[in-house]
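Q: Structure file protein-v7.txt (compact mmCIF, C-alpha atoms) is given on the next line.
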# COMPACT_ATOMS: atom_id res chain seq x y z
CA MET A 22 -0.52 69.71 -25.63
CA LYS A 23 -0.43 67.14 -22.82
CA ARG A 24 2.56 65.39 -24.42
CA ARG A 25 4.47 68.70 -24.63
CA LEU A 26 3.71 69.56 -21.02
CA PHE A 27 4.87 66.11 -19.96
CA CYS A 28 8.19 66.56 -21.77
CA LEU A 29 8.77 69.96 -20.19
CA ALA A 30 7.90 68.55 -16.81
CA GLY A 31 10.46 65.82 -17.34
CA LEU A 32 13.14 68.38 -18.15
CA ALA A 33 12.42 70.60 -15.18
CA PRO A 34 14.34 68.60 -12.53
CA ALA A 35 17.43 68.48 -14.76
CA LEU A 36 17.25 72.23 -15.39
CA LEU A 37 16.87 72.94 -11.69
CA ARG A 38 19.84 70.70 -10.88
CA ALA A 39 22.02 72.53 -13.46
CA GLN A 40 21.01 75.90 -12.03
CA SER A 41 21.70 74.79 -8.46
CA VAL A 42 25.28 73.61 -9.08
CA SER A 43 27.52 76.06 -7.24
CA TRP A 44 31.12 76.97 -8.00
CA PRO A 45 33.40 75.04 -8.27
CA ASP A 46 31.35 71.87 -8.63
CA ALA A 47 30.25 72.23 -12.26
CA ARG A 48 33.51 71.33 -14.01
CA PRO A 49 37.33 71.29 -13.66
CA ILE A 50 39.19 74.59 -13.26
CA ARG A 51 41.80 75.69 -15.81
CA LEU A 52 45.01 77.23 -14.45
CA LEU A 53 46.87 79.12 -17.17
CA VAL A 54 50.66 79.44 -16.90
CA GLY A 55 52.62 81.84 -19.08
CA GLN A 56 55.86 79.83 -19.10
CA PRO A 57 56.85 76.53 -20.75
CA ALA A 58 56.38 73.21 -18.99
CA GLY A 59 59.30 72.17 -16.81
CA TYR A 60 60.52 75.70 -16.01
CA SER A 61 60.54 76.80 -12.38
CA PRO A 62 57.36 78.96 -12.69
CA ASP A 63 55.56 75.97 -14.20
CA ILE A 64 56.74 73.70 -11.38
CA ALA A 65 55.54 76.20 -8.76
CA SER A 66 52.19 76.52 -10.55
CA ARG A 67 51.67 72.76 -10.61
CA GLN A 68 52.49 72.55 -6.91
CA LEU A 69 49.88 75.22 -6.27
CA ALA A 70 47.33 73.47 -8.49
CA GLU A 71 47.72 70.24 -6.55
CA ALA A 72 47.32 71.99 -3.20
CA LEU A 73 44.35 74.10 -4.36
CA SER A 74 42.64 71.07 -5.87
CA ALA A 75 42.73 69.35 -2.50
CA GLU A 76 41.15 72.38 -0.80
CA LEU A 77 38.46 73.00 -3.43
CA LYS A 78 37.68 69.31 -4.00
CA GLN A 79 37.86 69.94 -7.74
CA THR A 80 40.29 69.00 -10.50
CA ILE A 81 42.61 71.83 -11.61
CA VAL A 82 44.12 71.41 -15.07
CA VAL A 83 47.36 73.33 -15.75
CA GLU A 84 47.62 74.73 -19.28
CA ASN A 85 50.93 76.23 -20.43
CA LYS A 86 50.54 79.31 -22.63
CA PRO A 87 54.12 80.58 -23.14
CA GLY A 88 54.85 83.60 -25.26
CA GLY A 89 55.66 87.27 -24.89
CA GLY A 90 57.03 86.85 -21.38
CA GLY A 91 53.61 85.72 -20.17
CA ALA A 92 51.64 88.24 -22.25
CA LEU A 93 49.93 85.57 -24.36
CA MET A 94 48.55 83.90 -21.24
CA MET A 95 47.43 87.21 -19.74
CA ARG A 96 45.51 88.11 -22.90
CA GLU A 97 43.75 84.75 -22.96
CA LEU A 98 42.83 85.10 -19.31
CA ARG A 99 41.45 88.60 -19.88
CA ARG A 100 39.15 87.20 -22.60
CA ALA A 101 37.98 84.25 -20.48
CA ALA A 102 34.54 84.11 -18.88
CA PRO A 103 34.63 85.59 -15.34
CA ASP A 104 33.08 82.52 -13.78
CA GLY A 105 35.93 81.20 -11.62
CA TYR A 106 36.72 78.30 -13.95
CA THR A 107 39.73 79.96 -15.63
CA LEU A 108 42.54 81.29 -13.44
CA GLY A 109 46.06 82.57 -14.04
CA SER A 110 49.26 81.70 -12.20
CA VAL A 111 51.34 84.87 -12.32
CA PHE A 112 54.70 86.08 -11.12
CA TRP A 113 56.27 89.31 -9.92
CA ASN A 114 57.89 90.28 -13.23
CA GLN A 115 54.71 89.68 -15.27
CA MET A 116 52.67 91.89 -12.99
CA THR A 117 55.01 94.73 -12.01
CA VAL A 118 58.04 94.92 -14.32
CA ALA A 119 56.64 93.89 -17.70
CA PRO A 120 54.43 97.00 -18.04
CA THR A 121 57.63 99.08 -18.21
CA LEU A 122 59.86 96.65 -20.12
CA VAL A 123 57.48 95.27 -22.73
CA ARG A 124 56.02 97.88 -25.07
CA GLN A 125 53.54 95.46 -26.66
CA ILE A 126 51.54 94.96 -23.46
CA ASP A 127 47.97 96.11 -24.07
CA TYR A 128 46.54 95.36 -20.64
CA ASP A 129 47.00 96.74 -17.13
CA PRO A 130 47.93 93.99 -14.62
CA ALA A 131 46.76 96.18 -11.74
CA GLU A 132 43.31 97.02 -13.11
CA ASP A 133 42.29 94.50 -15.79
CA PHE A 134 42.10 91.38 -13.61
CA ALA A 135 40.64 90.17 -10.33
CA HIS A 136 43.49 89.64 -7.88
CA VAL A 137 43.13 86.56 -5.67
CA GLY A 138 46.35 86.68 -3.66
CA ILE A 139 50.11 86.25 -3.43
CA TRP A 140 51.11 82.89 -1.99
CA SER A 141 54.89 82.38 -2.39
CA VAL A 142 57.89 84.72 -2.37
CA GLY A 143 61.21 83.68 -3.88
CA ALA A 144 64.63 85.33 -3.79
CA GLN A 145 67.68 86.05 -5.83
CA LEU A 146 71.10 84.90 -4.62
CA LEU A 147 74.21 87.04 -5.01
CA VAL A 148 77.35 84.92 -5.39
CA ALA A 149 81.06 85.46 -6.02
CA HIS A 150 83.90 83.32 -7.36
CA PRO A 151 86.24 82.21 -4.53
CA GLY A 152 89.23 83.68 -6.33
CA SER A 153 87.65 87.14 -6.51
CA GLY A 154 88.54 87.98 -2.91
CA ILE A 155 84.91 88.94 -2.32
CA ARG A 156 83.32 87.37 0.75
CA THR A 157 80.60 89.87 1.66
CA VAL A 158 78.45 92.52 0.02
CA ALA A 159 80.66 95.12 1.72
CA ASP A 160 83.70 93.58 -0.02
CA LEU A 161 81.88 93.78 -3.36
CA VAL A 162 80.92 97.44 -2.95
CA ALA A 163 84.41 98.41 -1.76
CA LYS A 164 86.07 96.57 -4.64
CA ALA A 165 83.71 98.10 -7.18
CA ARG A 166 84.42 101.60 -5.85
CA ALA A 167 88.18 101.06 -5.92
CA SER A 168 88.29 99.53 -9.40
CA THR A 169 89.61 101.77 -12.18
CA GLN A 170 87.40 99.92 -14.69
CA PRO A 171 83.81 98.78 -13.96
CA MET A 172 83.79 95.21 -12.65
CA ASN A 173 81.71 92.64 -14.49
CA TRP A 174 78.70 90.88 -13.04
CA ALA A 175 76.42 88.31 -14.62
CA SER A 176 72.70 87.58 -14.65
CA HIS A 177 70.33 85.34 -16.58
CA GLY A 178 69.69 88.09 -19.15
CA ASN A 179 68.51 91.62 -19.76
CA GLY A 180 65.34 92.28 -17.81
CA SER A 181 65.73 89.10 -15.73
CA PRO A 182 64.95 89.25 -11.98
CA GLY A 183 68.67 89.20 -11.20
CA HIS A 184 69.29 92.12 -13.56
CA ILE A 185 66.52 94.15 -11.91
CA PHE A 186 67.54 93.43 -8.31
CA MET A 187 71.27 93.96 -8.88
CA SER A 188 70.52 97.26 -10.61
CA LEU A 189 68.61 98.32 -7.50
CA LEU A 190 71.52 97.33 -5.22
CA LEU A 191 74.07 99.22 -7.33
CA ASP A 192 71.80 102.26 -7.44
CA LYS A 193 71.40 102.32 -3.66
CA ALA A 194 75.10 101.63 -3.07
CA GLY A 195 76.10 104.36 -5.52
CA VAL A 196 78.54 102.21 -7.49
CA LYS A 197 78.79 101.23 -11.14
CA MET A 198 79.48 97.77 -12.52
CA ASN A 199 79.24 96.24 -15.98
CA HIS A 200 76.32 93.89 -16.59
CA VAL A 201 77.10 90.76 -18.64
CA PRO A 202 73.85 88.93 -19.57
CA PHE A 203 73.96 85.18 -20.16
CA PRO A 204 71.20 82.91 -21.46
CA GLY A 205 69.76 80.21 -19.22
CA SER A 206 72.11 78.76 -16.62
CA GLN A 207 75.27 80.12 -18.24
CA ALA A 208 75.52 82.98 -15.74
CA VAL A 209 76.18 80.41 -13.02
CA THR A 210 78.73 78.46 -15.03
CA ALA A 211 80.51 81.70 -15.94
CA ALA A 212 80.82 82.57 -12.25
CA VAL A 213 82.00 79.06 -11.35
CA ALA A 214 84.63 79.26 -14.08
CA GLY A 215 85.79 82.68 -12.89
CA ASP A 216 84.85 84.36 -16.17
CA VAL A 217 82.96 86.90 -14.07
CA PRO A 218 83.70 87.64 -10.40
CA VAL A 219 80.06 88.05 -9.37
CA ALA A 220 76.65 86.76 -10.47
CA ILE A 221 73.08 87.03 -9.26
CA THR A 222 70.79 84.09 -9.96
CA GLY A 223 67.85 82.09 -8.73
CA VAL A 224 68.65 80.42 -5.42
CA VAL A 225 68.44 76.82 -6.64
CA ASP A 226 70.62 77.63 -9.67
CA SER A 227 73.62 78.42 -7.45
CA ALA A 228 72.93 76.61 -4.18
CA GLY A 229 74.73 73.40 -5.14
CA PHE A 230 77.85 75.30 -6.17
CA VAL A 231 77.80 77.19 -2.86
CA ARG A 232 77.61 73.91 -0.93
CA SER A 233 80.54 72.49 -2.91
CA GLY A 234 82.65 75.62 -2.30
CA GLN A 235 82.78 76.59 -5.98
CA LEU A 236 80.90 79.82 -5.25
CA ILE A 237 80.65 82.12 -2.23
CA ALA A 238 77.13 83.17 -1.21
CA LEU A 239 77.06 86.88 -0.38
CA ALA A 240 73.40 87.65 0.28
CA VAL A 241 69.79 86.94 -0.68
CA THR A 242 67.08 89.41 -1.58
CA GLY A 243 63.90 89.57 0.49
CA THR A 244 62.86 90.17 4.08
CA ARG A 245 64.05 86.92 5.69
CA ARG A 246 66.80 84.35 5.43
CA LEU A 247 65.85 81.21 3.56
CA PRO A 248 65.47 77.78 5.20
CA LEU A 249 67.42 76.34 2.26
CA MET A 250 70.44 78.59 3.05
CA PRO A 251 69.98 79.88 6.62
CA GLN A 252 73.63 80.95 6.86
CA VAL A 253 73.28 83.51 4.06
CA PRO A 254 72.26 87.03 5.20
CA THR A 255 69.73 89.23 3.47
CA LEU A 256 70.86 92.37 1.67
CA THR A 257 69.30 94.39 4.50
CA GLU A 258 71.41 92.51 7.05
CA SER A 259 74.39 93.21 4.80
CA GLY A 260 73.91 96.95 5.19
CA HIS A 261 71.64 97.69 2.24
CA PRO A 262 68.04 98.20 3.40
CA GLY A 263 65.30 98.95 0.91
CA ILE A 264 65.78 95.78 -1.14
CA GLU A 265 63.25 93.69 0.75
CA TYR A 266 61.21 93.00 -2.36
CA GLY A 267 60.73 89.42 -3.51
CA VAL A 268 60.09 87.42 -6.65
CA TRP A 269 56.54 86.54 -5.69
CA ALA A 270 53.95 84.21 -7.18
CA GLY A 271 50.25 84.97 -7.20
CA LEU A 272 46.84 83.91 -8.46
CA ILE A 273 44.47 86.04 -10.57
CA ALA A 274 41.15 85.64 -12.37
CA PRO A 275 39.33 87.51 -15.15
CA LYS A 276 37.97 90.91 -14.16
CA GLY A 277 34.34 90.63 -13.14
CA THR A 278 34.72 87.29 -11.38
CA PRO A 279 32.08 87.33 -8.61
CA SER A 280 33.42 88.58 -5.29
CA ASP A 281 32.20 85.52 -3.43
CA VAL A 282 34.19 83.29 -5.82
CA VAL A 283 37.30 85.44 -5.32
CA GLN A 284 36.82 85.20 -1.55
CA ARG A 285 36.49 81.41 -1.72
CA LEU A 286 39.57 81.22 -3.93
CA ASN A 287 41.56 83.30 -1.48
CA ALA A 288 40.38 81.16 1.43
CA ALA A 289 41.47 78.05 -0.49
CA LEU A 290 44.80 79.75 -1.27
CA GLN A 291 45.35 80.49 2.42
CA ALA A 292 44.50 76.90 3.34
CA ALA A 293 46.76 75.52 0.60
CA ALA A 294 49.62 77.70 1.86
CA ALA A 295 49.21 76.13 5.29
CA GLN A 296 49.79 72.63 3.92
CA PRO A 297 53.19 71.35 5.18
CA ALA A 298 53.85 69.55 1.88
CA LEU A 299 53.51 72.75 -0.17
CA ARG A 300 55.61 74.71 2.30
CA GLU A 301 58.39 72.09 2.12
CA LYS A 302 58.36 72.13 -1.68
CA ARG A 303 58.64 75.91 -1.87
CA GLU A 304 61.37 76.08 0.77
CA ALA A 305 63.33 73.45 -1.16
CA ALA A 306 63.06 75.77 -4.18
CA GLY A 307 64.47 78.72 -2.23
CA ALA A 308 61.12 80.39 -1.58
CA LEU A 309 58.90 81.19 1.39
CA ILE A 310 55.16 80.74 1.76
CA GLN A 311 53.57 84.14 2.40
CA ALA A 312 49.86 84.00 1.61
CA GLY A 313 48.01 87.31 1.63
CA SER A 314 44.64 88.84 0.82
CA ALA A 315 43.25 89.86 -2.56
CA ALA A 316 43.41 93.53 -1.55
CA ASP A 317 47.04 93.17 -0.49
CA MET A 318 47.96 91.70 -3.88
CA GLN A 319 46.29 94.52 -5.79
CA ARG A 320 47.99 97.12 -3.59
CA ARG A 321 51.39 95.52 -4.12
CA VAL A 322 50.91 95.31 -7.88
CA ARG A 323 50.06 99.01 -8.04
CA GLU A 324 52.86 100.16 -5.73
CA GLU A 325 55.57 97.88 -7.06
CA THR A 326 54.80 98.76 -10.69
CA ILE A 327 55.63 102.38 -9.89
CA PHE A 328 58.68 101.45 -7.84
CA TRP A 329 60.22 99.11 -10.43
CA ARG A 330 59.51 101.55 -13.25
CA GLY A 331 61.86 103.96 -11.53
CA VAL A 332 64.56 101.30 -11.11
CA VAL A 333 64.30 100.16 -14.72
CA GLU A 334 64.39 103.70 -16.11
CA ARG A 335 67.31 104.84 -13.95
CA ALA A 336 69.34 101.76 -14.92
CA GLY A 337 68.37 102.00 -18.59
CA ILE A 338 67.29 98.36 -18.65
CA LYS A 339 65.94 97.05 -21.94
CA ALA A 340 64.22 93.71 -22.45
CA GLU A 341 65.91 91.13 -24.69
As structure tokens - that is how I would like this structure written.
A:
Amino acid sequence: MKRRLFCLAGLAPALLRAQSVSWPDARPIRLLVGQPAGYSPDIASRQLAEALSAELKQTIVVENKPGGGGALMMRELRRAAPDGYTLGSVFWNQMTVAPTLVRQIDYDPAEDFAHVGIWSVGAQLLVAHPGSGIRTVADLVAKARASTQPMNWASHGNGSPGHIFMSLLLDKAGVKMNHVPFPGSQAVTAAVAGDVPVAITGVVDSAGFVRSGQLIALAVTGTRRLPLMPQVPTLTESGHPGIEYGVWAGLIAPKGTPSDVVQRLNAALQAAAAQPALREKREAAGALIQAGSAADMQRRVREETIFWRGVVERAGIKAE
């Protein structure tokens, strides 16, 4: 009996130490990303992981879980323990557009996860071929209205951010154009070659061609001009308000994650967003740092899901 009591007494300090370890000190944090390594969402996620790691004083390991437009990652995150050691790096289309476009989604991004916060907001860039005669958004709308046949415009594919945002612009402007989807970066090369007069792409995809004069920048989506292209007006400045939405990036956790952990994560997210190095990296990628609260993220997910459902249904957009 004495020997057994001695052994238990020897274990007691170790057990107490294990119980007293507070989040996030116990082990590294996993950050799940629903896109392949090397793609722009993955790059943004790794930039965030580095900045968050510095704030939390804990290693953050990025794990790519591509598949189903991010659905595979979301399902794994939903099954993960709600202990703050598994997080998800998510993007605007995963959280607000996919529920309408992807029939196989069996989770609700607004209700089935703990929202930590939005931290970066990117834009889409509307460009025209120099030979098109289009120099402004007003030129584009006027030319589209006057054309006897619908003009072509290109994006990175059906259901892509460019497809969604351009459909919203055309809807608000009351004009019709013909969407030509291209895989990968081919939408940009098609515009540079003059195969299509207009394209809408990620900012970095077209910025170099704008600087070289091979493309004309018409406008960017979002609420503010971008530091990367300060000369390019927003769509609102171009006479089309109501398109202030952005291609945002956010952080989520499994539902049931303790509120104090979510609060600490949001505080770390806010502090990471204030780091000059992270701000410079995002601005170089054509995005703005805009860190918000957990409640703000959940509100935006709910409201924007409804808003984009209407845009997608009116335009008849189908996912590839």
Q: In terms of the shortest atom-to-atom distance over all atoms listed in the file, which of A:Gln311, A:Thr242, A:Asn199, A:Thr121 is closest to Gly183 (chain A)?
A: A:Thr242
Q: Could you check how far CA of Ile264 (chain A) sits from CA of Leu189 (chain A), in Å to one decimal?
A: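 That distance, rounded to one decimal, is 7.4 Å.
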Q: Of the candidates A:Met94, A:Val123, A:Val111, A:Leu290, which shows the shortest atom-to-atom distance to Ser314 (chain A), using only C-alpha atoms?
A: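 Ranking A:Met94, A:Val123, A:Val111, A:Leu290 by distance to Ser314 (chain A), first place goes to A:Leu290.
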Q: Give me the residues of region 103-148 of chain A that have any atom at most 7 Å from an atom of region 208-226 of chain A; for each, the nearest atom pair and the distance in Å, rounded to one decimal. Use all atoms listed in the file, sort by chain and number, and format it as a tab-separated table.
A:
residue	atom	partner	partner_atom	distance
A:Ala144	CA	A:Val224	CA	6.6
A:Gln145	CA	A:Gly223	CA	4.9
A:Leu146	CA	A:Val224	CA	5.2
A:Leu147	CA	A:Ile221	CA	4.4
A:Val148	CA	A:Ala220	CA	5.4
Q: Those same residues, written as a PDB file, in the frame of the given file with C-alpha atoms?
A:
ATOM      1  CA  ALA A 144      64.630  85.330  -3.790  1.00  0.00           C
ATOM      2  CA  GLN A 145      67.680  86.050  -5.830  1.00  0.00           C
ATOM      3  CA  LEU A 146      71.100  84.900  -4.620  1.00  0.00           C
ATOM      4  CA  LEU A 147      74.210  87.040  -5.010  1.00  0.00           C
ATOM      5  CA  VAL A 148      77.350  84.920  -5.390  1.00  0.00           C
TER       6      VAL A 148
END
Q: Name the residues in contact with Ser74 (chain A) at a cut-off of 12 Å, using all atoms listed in the file, excluding same-chain residues fewer than 2 positions from it; report them as a VMD selection string.
A: chain A and resid 45 to 46 49 to 52 66 to 72 76 to 83 286 289 to 290 292 to 293
Q: Would you put the residues from that selection into a file with C-alpha atoms, as a PDB file, in the frame of the given file?
A:
ATOM      1  CA  PRO A  45      33.400  75.040  -8.270  1.00  0.00           C
ATOM      2  CA  ASP A  46      31.350  71.870  -8.630  1.00  0.00           C
ATOM      3  CA  PRO A  49      37.330  71.290 -13.660  1.00  0.00           C
ATOM      4  CA  ILE A  50      39.190  74.590 -13.260  1.00  0.00           C
ATOM      5  CA  ARG A  51      41.800  75.690 -15.810  1.00  0.00           C
ATOM      6  CA  LEU A  52      45.010  77.230 -14.450  1.00  0.00           C
ATOM      7  CA  SER A  66      52.190  76.520 -10.550  1.00  0.00           C
ATOM      8  CA  ARG A  67      51.670  72.760 -10.610  1.00  0.00           C
ATOM      9  CA  GLN A  68      52.490  72.550  -6.910  1.00  0.00           C
ATOM     10  CA  LEU A  69      49.880  75.220  -6.270  1.00  0.00           C
ATOM     11  CA  ALA A  70      47.330  73.470  -8.490  1.00  0.00           C
ATOM     12  CA  GLU A  71      47.720  70.240  -6.550  1.00  0.00           C
ATOM     13  CA  ALA A  72      47.320  71.990  -3.200  1.00  0.00           C
ATOM     14  CA  GLU A  76      41.150  72.380  -0.800  1.00  0.00           C
ATOM     15  CA  LEU A  77      38.460  73.000  -3.430  1.00  0.00           C
ATOM     16  CA  LYS A  78      37.680  69.310  -4.000  1.00  0.00           C
ATOM     17  CA  GLN A  79      37.860  69.940  -7.740  1.00  0.00           C
ATOM     18  CA  THR A  80      40.290  69.000 -10.500  1.00  0.00           C
ATOM     19  CA  ILE A  81      42.610  71.830 -11.610  1.00  0.00           C
ATOM     20  CA  VAL A  82      44.120  71.410 -15.070  1.00  0.00           C
ATOM     21  CA  VAL A  83      47.360  73.330 -15.750  1.00  0.00           C
ATOM     22  CA  LEU A 286      39.570  81.220  -3.930  1.00  0.00           C
ATOM     23  CA  ALA A 289      41.470  78.050  -0.490  1.00  0.00           C
ATOM     24  CA  LEU A 290      44.800  79.750  -1.270  1.00  0.00           C
ATOM     25  CA  ALA A 292      44.500  76.900   3.340  1.00  0.00           C
ATOM     26  CA  ALA A 293      46.760  75.520   0.600  1.00  0.00           C
TER      27      ALA A 293
END
Q: For Trp113 (chain A), please output as a list in words all residues within 8 Å (counting all atoms listed in the file; exclusion window: fewer than 6 positions along the same chain).
A: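 The residues satisfying every condition are Gly267, Val268, Trp269, Ala270 and Gly271 of chain A.
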Q: Could you give me region 60-90 of chain A completed to N, CA and C atoms, formatted as a PDB file, in the frame of the given file?
A:
ATOM      1  N   TYR A  60      59.793  74.560 -16.567  1.00  0.00           N
ATOM      2  CA  TYR A  60      60.520  75.700 -16.010  1.00  0.00           C
ATOM      3  C   TYR A  60      60.044  75.936 -14.568  1.00  0.00           C
ATOM      4  N   SER A  61      60.861  76.645 -13.795  1.00  0.00           N
ATOM      5  CA  SER A  61      60.540  76.800 -12.380  1.00  0.00           C
ATOM      6  C   SER A  61      59.166  77.438 -12.129  1.00  0.00           C
ATOM      7  N   PRO A  62      58.718  78.445 -12.925  1.00  0.00           N
ATOM      8  CA  PRO A  62      57.360  78.960 -12.690  1.00  0.00           C
ATOM      9  C   PRO A  62      56.287  77.903 -12.933  1.00  0.00           C
ATOM     10  N   ASP A  63      56.511  77.046 -13.919  1.00  0.00           N
ATOM     11  CA  ASP A  63      55.560  75.970 -14.200  1.00  0.00           C
ATOM     12  C   ASP A  63      55.522  74.977 -13.044  1.00  0.00           C
ATOM     13  N   ILE A  64      56.692  74.644 -12.508  1.00  0.00           N
ATOM     14  CA  ILE A  64      56.740  73.700 -11.380  1.00  0.00           C
ATOM     15  C   ILE A  64      56.001  74.272 -10.181  1.00  0.00           C
ATOM     16  N   ALA A  65      56.235  75.556  -9.880  1.00  0.00           N
ATOM     17  CA  ALA A  65      55.540  76.200  -8.760  1.00  0.00           C
ATOM     18  C   ALA A  65      54.031  76.201  -8.997  1.00  0.00           C
ATOM     19  N   SER A  66      53.620  76.475 -10.227  1.00  0.00           N
ATOM     20  CA  SER A  66      52.190  76.520 -10.550  1.00  0.00           C
ATOM     21  C   SER A  66      51.540  75.159 -10.377  1.00  0.00           C
ATOM     22  N   ARG A  67      52.230  74.116 -10.760  1.00  0.00           N
ATOM     23  CA  ARG A  67      51.670  72.760 -10.610  1.00  0.00           C
ATOM     24  C   ARG A  67      51.606  72.361  -9.131  1.00  0.00           C
ATOM     25  N   GLN A  68      52.563  72.802  -8.357  1.00  0.00           N
ATOM     26  CA  GLN A  68      52.490  72.550  -6.910  1.00  0.00           C
ATOM     27  C   GLN A  68      51.285  73.243  -6.310  1.00  0.00           C
ATOM     28  N   LEU A  69      51.048  74.482  -6.751  1.00  0.00           N
ATOM     29  CA  LEU A  69      49.880  75.220  -6.270  1.00  0.00           C
ATOM     30  C   LEU A  69      48.592  74.535  -6.713  1.00  0.00           C
ATOM     31  N   ALA A  70      48.535  74.110  -7.968  1.00  0.00           N
ATOM     32  CA  ALA A  70      47.330  73.470  -8.490  1.00  0.00           C
ATOM     33  C   ALA A  70      46.971  72.229  -7.683  1.00  0.00           C
ATOM     34  N   GLU A  71      47.966  71.445  -7.337  1.00  0.00           N
ATOM     35  CA  GLU A  71      47.720  70.240  -6.550  1.00  0.00           C
ATOM     36  C   GLU A  71      47.161  70.582  -5.167  1.00  0.00           C
ATOM     37  N   ALA A  72      47.764  71.596  -4.538  1.00  0.00           N
ATOM     38  CA  ALA A  72      47.320  71.990  -3.200  1.00  0.00           C
ATOM     39  C   ALA A  72      45.925  72.619  -3.232  1.00  0.00           C
ATOM     40  N   LEU A  73      45.659  73.463  -4.232  1.00  0.00           N
ATOM     41  CA  LEU A  73      44.350  74.100  -4.360  1.00  0.00           C
ATOM     42  C   LEU A  73      43.260  73.067  -4.663  1.00  0.00           C
ATOM     43  N   SER A  74      43.595  72.113  -5.510  1.00  0.00           N
ATOM     44  CA  SER A  74      42.640  71.070  -5.870  1.00  0.00           C
ATOM     45  C   SER A  74      42.162  70.321  -4.629  1.00  0.00           C
ATOM     46  N   ALA A  75      43.090  70.051  -3.730  1.00  0.00           N
ATOM     47  CA  ALA A  75      42.730  69.350  -2.500  1.00  0.00           C
ATOM     48  C   ALA A  75      41.795  70.189  -1.630  1.00  0.00           C
ATOM     49  N   GLU A  76      41.989  71.502  -1.627  1.00  0.00           N
ATOM     50  CA  GLU A  76      41.150  72.380  -0.800  1.00  0.00           C
ATOM     51  C   GLU A  76      39.771  72.588  -1.421  1.00  0.00           C
ATOM     52  N   LEU A  77      39.717  72.704  -2.744  1.00  0.00           N
ATOM     53  CA  LEU A  77      38.460  73.000  -3.430  1.00  0.00           C
ATOM     54  C   LEU A  77      37.664  71.741  -3.779  1.00  0.00           C
ATOM     55  N   LYS A  78      38.311  70.580  -3.630  1.00  0.00           N
ATOM     56  CA  LYS A  78      37.680  69.310  -4.000  1.00  0.00           C
ATOM     57  C   LYS A  78      37.263  69.316  -5.473  1.00  0.00           C
ATOM     58  N   GLN A  79      38.126  69.867  -6.312  1.00  0.00           N
ATOM     59  CA  GLN A  79      37.860  69.940  -7.740  1.00  0.00           C
ATOM     60  C   GLN A  79      39.174  69.800  -8.508  1.00  0.00           C
ATOM     61  N   THR A  80      39.110  69.160  -9.659  1.00  0.00           N
ATOM     62  CA  THR A  80      40.290  69.000 -10.500  1.00  0.00           C
ATOM     63  C   THR A  80      40.736  70.360 -11.032  1.00  0.00           C
ATOM     64  N   ILE A  81      42.044  70.621 -11.020  1.00  0.00           N
ATOM     65  CA  ILE A  81      42.610  71.830 -11.610  1.00  0.00           C
ATOM     66  C   ILE A  81      43.598  71.390 -12.694  1.00  0.00           C
ATOM     67  N   VAL A  82      43.315  71.808 -13.913  1.00  0.00           N
ATOM     68  CA  VAL A  82      44.120  71.410 -15.070  1.00  0.00           C
ATOM     69  C   VAL A  82      45.057  72.556 -15.429  1.00  0.00           C
ATOM     70  N   VAL A  83      46.365  72.308 -15.392  1.00  0.00           N
ATOM     71  CA  VAL A  83      47.360  73.330 -15.750  1.00  0.00           C
ATOM     72  C   VAL A  83      47.531  73.357 -17.260  1.00  0.00           C
ATOM     73  N   GLU A  84      47.436  74.545 -17.835  1.00  0.00           N
ATOM     74  CA  GLU A  84      47.620  74.730 -19.280  1.00  0.00           C
ATOM     75  C   GLU A  84      48.735  75.746 -19.502  1.00  0.00           C
ATOM     76  N   ASN A  85      49.804  75.329 -20.142  1.00  0.00           N
ATOM     77  CA  ASN A  85      50.930  76.230 -20.430  1.00  0.00           C
ATOM     78  C   ASN A  85      50.630  77.061 -21.668  1.00  0.00           C
ATOM     79  N   LYS A  86      50.776  78.373 -21.533  1.00  0.00           N
ATOM     80  CA  LYS A  86      50.540  79.310 -22.630  1.00  0.00           C
ATOM     81  C   LYS A  86      51.738  80.256 -22.739  1.00  0.00           C
ATOM     82  N   PRO A  87      52.936  79.715 -23.082  1.00  0.00           N
ATOM     83  CA  PRO A  87      54.120  80.580 -23.140  1.00  0.00           C
ATOM     84  C   PRO A  87      54.068  81.524 -24.340  1.00  0.00           C
ATOM     85  N   GLY A  88      54.764  82.636 -24.176  1.00  0.00           N
ATOM     86  CA  GLY A  88      54.850  83.600 -25.260  1.00  0.00           C
ATOM     87  C   GLY A  88      54.773  85.023 -24.750  1.00  0.00           C
ATOM     88  N   GLY A  89      55.677  85.854 -25.249  1.00  0.00           N
ATOM     89  CA  GLY A  89      55.660  87.270 -24.890  1.00  0.00           C
ATOM     90  C   GLY A  89      55.938  87.525 -23.431  1.00  0.00           C
ATOM     91  N   GLY A  90      56.743  86.652 -22.793  1.00  0.00           N
ATOM     92  CA  GLY A  90      57.030  86.850 -21.380  1.00  0.00           C
ATOM     93  C   GLY A  90      55.800  86.720 -20.499  1.00  0.00           C
TER      94      GLY A  90
END
